[in-house]
Amino acid sequence: MKKLIVTLAALWPLTTLAADPWGKADPVAGHDLHEKACVACHVRLYGGDGSKMYTRDGRLLSSKLDILQRVAACNAQVHAGWFPDEEGAVAAYLNKQYYHFKD
């Protein structure tokens with residue numbers, strides 16, 4: 001019985017992850033972080049203001065979790081030094097601004 005309780009307690013955070021993988025992140029803070037660490041690279045890759053990164057045909061992201069994973073990968077790639085809550089804020093901003101995934 002004790003093992004079952006420990007297992008359920010360990011899995012409990014995953015239920016909230018399914019609803020919103022970034023929790024109650026602040027998209028406004030995410031916008032500021034995005035502007036500082038992401039835009040220059042996206043402009044270099046896609047030109048203009050860099051937003052084509054998110055609006056191009058064939059984009060590969062299809063869920064909130066995909067956004068969060070991509071933000072974490074970019075964070076590591078460009079050495080932005082963000083903590084998980086900051087990654088979540090950027091993911092929340094991107095979803096609000098470009099993707100509009102509900103689940």
# chains A, B, ... in the order shown; residues from 1 in each chain; ligands from 1

call {"tool": "residues_around", "arguments": {"residues": "Gly88 of chain A", "least_positions_apart": "5", "cutoff": "10 Å", "atoms": "only C-alpha atoms", "output": "list in words"}}
result
Asp20, Pro21, Trp22, Gly23, Lys24, Ala25, Asp26, Pro27, Ala29, Gly30, Ile67, Leu68, Gln69, Val71, Ala72, Trp82, Phe83, Tyr93 and Leu94 of chain A

call {"tool": "select_by_dssp", "arguments": {"residues": "chain A", "states": "alpha helix (DSSP H)", "output": "ChimeraX atom specification"}}
result
/A:2-19,27-37,39-46,52-55,64-78,84-94

call {"tool": "residues_around", "arguments": {"residues": "Cys41 of chain A", "least_positions_apart": "3", "cutoff": "10 Å", "atoms": "only C-alpha atoms", "output": "list in words"}}
result
Ala37, Cys38, Arg44, Leu45, Tyr46, Gly47, Gly50, Met53 and Val78 of chain A

call {"tool": "closest_residue", "arguments": {"among": "A:Asp32, A:Lys64, A:Tyr54, A:Ala89", "to": "Asp103 of chain A", "atoms": "only C-alpha atoms"}}
result
A:Lys64
